[in-house]
Amino acid sequence: NNGCVAPCYVYFYDQSTNATSWKWDFGNLFTSTTQNDSNKYNLTGFYDVTLWVYNVDGAVDSVVKTVQVY
């Protein structure tokens, strides 16, 4: 389940391999560059969360998941 009741914290974990840097966009104007992080959602709605991972050669991959806040 990718949802919670506002206000709430959602925890995000990178499961990629060989990544050397990260960029999270939590869909609510907040970002992070740590491997794993959390974000507080204060308002109801749908938030598209994007993770970009980079390896030592600079190659990039990304994934988008939607969080629903009730």
# chains A, B, ... in the order shown; residues from 1 in each chain; ligands from 1
>>> residues_around(residues="segment 46-63 of chain A", least_positions_apart="3", cutoff="7 Å", atoms="only C-alpha atoms", output="PyMOL selection string")
chain A and resi 18-28+66-69
>>> residues_around(residues="segment 38-43 of chain A", least_positions_apart="6", cutoff="8 Å", atoms="only C-alpha atoms", output="JSON, numbers by chain")
{"A": [6, 7, 8, 9, 10, 11, 12, 26, 28, 30, 69]}
>>> select_by_dssp(residues="chain A", states="strand (DSSP E)", output="PyMOL selection string")
chain A and resi 3-4+8-12+21-25+31-32+37-41+45-54+60-69
>>> atom_distance(atom1="atom CA of Asn36 of chain A", atom2="atom CA of Gly3 of chain A")
17.9 Å
>>> decode(residues="segment 21-47 of chain A", atoms="N, CA, C and O atoms", output="PDB file, in the first residue's frame")
ATOM      1  N   SER A  21      25.223   7.586  -6.387  1.00  0.00           N
ATOM      2  CA  SER A  21      24.540   8.807  -5.955  1.00  0.00           C
ATOM      3  C   SER A  21      23.062   8.701  -6.301  1.00  0.00           C
ATOM      4  O   SER A  21      22.660   7.915  -7.163  1.00  0.00           O
ATOM      5  N   TRP A  22      22.254   9.521  -5.599  1.00  0.00           N
ATOM      6  CA  TRP A  22      20.812   9.429  -5.665  1.00  0.00           C
ATOM      7  C   TRP A  22      20.195  10.820  -5.707  1.00  0.00           C
ATOM      8  O   TRP A  22      20.750  11.759  -5.169  1.00  0.00           O
ATOM      9  N   LYS A  23      19.020  10.910  -6.332  1.00  0.00           N
ATOM     10  CA  LYS A  23      18.225  12.137  -6.257  1.00  0.00           C
ATOM     11  C   LYS A  23      16.760  11.737  -6.166  1.00  0.00           C
ATOM     12  O   LYS A  23      16.238  11.048  -7.034  1.00  0.00           O
ATOM     13  N   TRP A  24      16.132  12.148  -5.087  1.00  0.00           N
ATOM     14  CA  TRP A  24      14.709  11.919  -4.881  1.00  0.00           C
ATOM     15  C   TRP A  24      13.949  13.213  -5.154  1.00  0.00           C
ATOM     16  O   TRP A  24      14.380  14.282  -4.752  1.00  0.00           O
ATOM     17  N   ASP A  25      12.799  13.100  -5.792  1.00  0.00           N
ATOM     18  CA  ASP A  25      11.831  14.190  -5.896  1.00  0.00           C
ATOM     19  C   ASP A  25      10.538  13.628  -5.312  1.00  0.00           C
ATOM     20  O   ASP A  25       9.952  12.696  -5.869  1.00  0.00           O
ATOM     21  N   PHE A  26      10.117  14.163  -4.160  1.00  0.00           N
ATOM     22  CA  PHE A  26       8.994  13.599  -3.426  1.00  0.00           C
ATOM     23  C   PHE A  26       7.633  14.086  -3.914  1.00  0.00           C
ATOM     24  O   PHE A  26       6.605  13.736  -3.349  1.00  0.00           O
ATOM     25  N   GLY A  27       7.615  14.902  -4.958  1.00  0.00           N
ATOM     26  CA  GLY A  27       6.352  15.317  -5.561  1.00  0.00           C
ATOM     27  C   GLY A  27       5.652  16.457  -4.843  1.00  0.00           C
ATOM     28  O   GLY A  27       4.551  16.841  -5.220  1.00  0.00           O
ATOM     29  N   ASN A  28       6.298  17.003  -3.796  1.00  0.00           N
ATOM     30  CA  ASN A  28       5.687  18.112  -3.054  1.00  0.00           C
ATOM     31  C   ASN A  28       6.702  19.241  -2.813  1.00  0.00           C
ATOM     32  O   ASN A  28       6.692  19.874  -1.775  1.00  0.00           O
ATOM     33  N   LEU A  29       7.570  19.450  -3.785  1.00  0.00           N
ATOM     34  CA  LEU A  29       8.602  20.486  -3.783  1.00  0.00           C
ATOM     35  C   LEU A  29       9.802  20.145  -2.895  1.00  0.00           C
ATOM     36  O   LEU A  29      10.709  20.950  -2.775  1.00  0.00           O
ATOM     37  N   PHE A  30       9.832  18.969  -2.271  1.00  0.00           N
ATOM     38  CA  PHE A  30      10.968  18.547  -1.468  1.00  0.00           C
ATOM     39  C   PHE A  30      11.787  17.513  -2.230  1.00  0.00           C
ATOM     40  O   PHE A  30      11.233  16.685  -2.954  1.00  0.00           O
ATOM     41  N   THR A  31      13.108  17.581  -2.057  1.00  0.00           N
ATOM     42  CA  THR A  31      14.026  16.658  -2.713  1.00  0.00           C
ATOM     43  C   THR A  31      15.061  16.173  -1.698  1.00  0.00           C
ATOM     44  O   THR A  31      15.164  16.713  -0.597  1.00  0.00           O
ATOM     45  N   SER A  32      15.828  15.172  -2.098  1.00  0.00           N
ATOM     46  CA  SER A  32      16.888  14.640  -1.247  1.00  0.00           C
ATOM     47  C   SER A  32      17.946  13.995  -2.128  1.00  0.00           C
ATOM     48  O   SER A  32      17.659  13.576  -3.249  1.00  0.00           O
ATOM     49  N   THR A  33      19.165  13.899  -1.605  1.00  0.00           N
ATOM     50  CA  THR A  33      20.245  13.221  -2.324  1.00  0.00           C
ATOM     51  C   THR A  33      20.835  12.083  -1.487  1.00  0.00           C
ATOM     52  O   THR A  33      21.945  11.642  -1.747  1.00  0.00           O
ATOM     53  N   THR A  34      20.094  11.616  -0.492  1.00  0.00           N
ATOM     54  CA  THR A  34      20.559  10.479   0.300  1.00  0.00           C
ATOM     55  C   THR A  34      20.008   9.180  -0.287  1.00  0.00           C
ATOM     56  O   THR A  34      19.029   9.190  -1.035  1.00  0.00           O
ATOM     57  N   GLN A  35      20.617   8.068   0.054  1.00  0.00           N
ATOM     58  CA  GLN A  35      20.190   6.790  -0.504  1.00  0.00           C
ATOM     59  C   GLN A  35      18.778   6.411  -0.049  1.00  0.00           C
ATOM     60  O   GLN A  35      17.962   5.963  -0.847  1.00  0.00           O
ATOM     61  N   ASN A  36      18.499   6.578   1.225  1.00  0.00           N
ATOM     62  CA  ASN A  36      17.180   6.284   1.794  1.00  0.00           C
ATOM     63  C   ASN A  36      16.732   7.523   2.559  1.00  0.00           C
ATOM     64  O   ASN A  36      17.549   8.183   3.195  1.00  0.00           O
ATOM     65  N   ASP A  37      15.440   7.821   2.507  1.00  0.00           N
ATOM     66  CA  ASP A  37      14.975   9.039   3.168  1.00  0.00           C
ATOM     67  C   ASP A  37      13.498   8.912   3.488  1.00  0.00           C
ATOM     68  O   ASP A  37      12.853   7.924   3.144  1.00  0.00           O
ATOM     69  N   SER A  38      12.972   9.936   4.142  1.00  0.00           N
ATOM     70  CA  SER A  38      11.539  10.008   4.411  1.00  0.00           C
ATOM     71  C   SER A  38      11.068  11.410   4.049  1.00  0.00           C
ATOM     72  O   SER A  38      11.875  12.334   3.915  1.00  0.00           O
ATOM     73  N   ASN A  39       9.767  11.538   3.890  1.00  0.00           N
ATOM     74  CA  ASN A  39       9.193  12.834   3.552  1.00  0.00           C
ATOM     75  C   ASN A  39       7.847  12.962   4.236  1.00  0.00           C
ATOM     76  O   ASN A  39       7.081  12.005   4.308  1.00  0.00           O
ATOM     77  N   LYS A  40       7.547  14.154   4.729  1.00  0.00           N
ATOM     78  CA  LYS A  40       6.266  14.402   5.381  1.00  0.00           C
ATOM     79  C   LYS A  40       5.285  14.990   4.381  1.00  0.00           C
ATOM     80  O   LYS A  40       5.608  15.942   3.662  1.00  0.00           O
ATOM     81  N   TYR A  41       4.106  14.393   4.343  1.00  0.00           N
ATOM     82  CA  TYR A  41       3.016  14.882   3.496  1.00  0.00           C
ATOM     83  C   TYR A  41       1.936  15.457   4.399  1.00  0.00           C
ATOM     84  O   TYR A  41       1.394  14.757   5.255  1.00  0.00           O
ATOM     85  N   ASN A  42       1.635  16.732   4.217  1.00  0.00           N
ATOM     86  CA  ASN A  42       0.659  17.423   5.056  1.00  0.00           C
ATOM     87  C   ASN A  42      -0.724  17.513   4.428  1.00  0.00           C
ATOM     88  O   ASN A  42      -1.705  17.708   5.139  1.00  0.00           O
ATOM     89  N   LEU A  43      -0.796  17.401   3.115  1.00  0.00           N
ATOM     90  CA  LEU A  43      -2.057  17.598   2.403  1.00  0.00           C
ATOM     91  C   LEU A  43      -2.479  16.327   1.671  1.00  0.00           C
ATOM     92  O   LEU A  43      -1.630  15.565   1.196  1.00  0.00           O
ATOM     93  N   THR A  44      -3.772  16.110   1.551  1.00  0.00           N
ATOM     94  CA  THR A  44      -4.270  14.962   0.810  1.00  0.00           C
ATOM     95  C   THR A  44      -3.991  15.133  -0.676  1.00  0.00           C
ATOM     96  O   THR A  44      -3.831  16.245  -1.175  1.00  0.00           O
ATOM     97  N   GLY A  45      -3.904  14.022  -1.371  1.00  0.00           N
ATOM     98  CA  GLY A  45      -3.685  14.058  -2.806  1.00  0.00           C
ATOM     99  C   GLY A  45      -2.806  12.923  -3.263  1.00  0.00           C
ATOM    100  O   GLY A  45      -2.445  12.030  -2.483  1.00  0.00           O
ATOM    101  N   PHE A  46      -2.470  12.951  -4.533  1.00  0.00           N
ATOM    102  CA  PHE A  46      -1.583  11.964  -5.138  1.00  0.00           C
ATOM    103  C   PHE A  46      -0.250  12.647  -5.418  1.00  0.00           C
ATOM    104  O   PHE A  46      -0.217  13.747  -5.973  1.00  0.00           O
ATOM    105  N   TYR A  47       0.837  11.984  -5.057  1.00  0.00           N
ATOM    106  CA  TYR A  47       2.184  12.540  -5.229  1.00  0.00           C
ATOM    107  C   TYR A  47       3.033  11.541  -6.003  1.00  0.00           C
ATOM    108  O   TYR A  47       3.175  10.391  -5.582  1.00  0.00           O
TER     109      TYR A  47
END
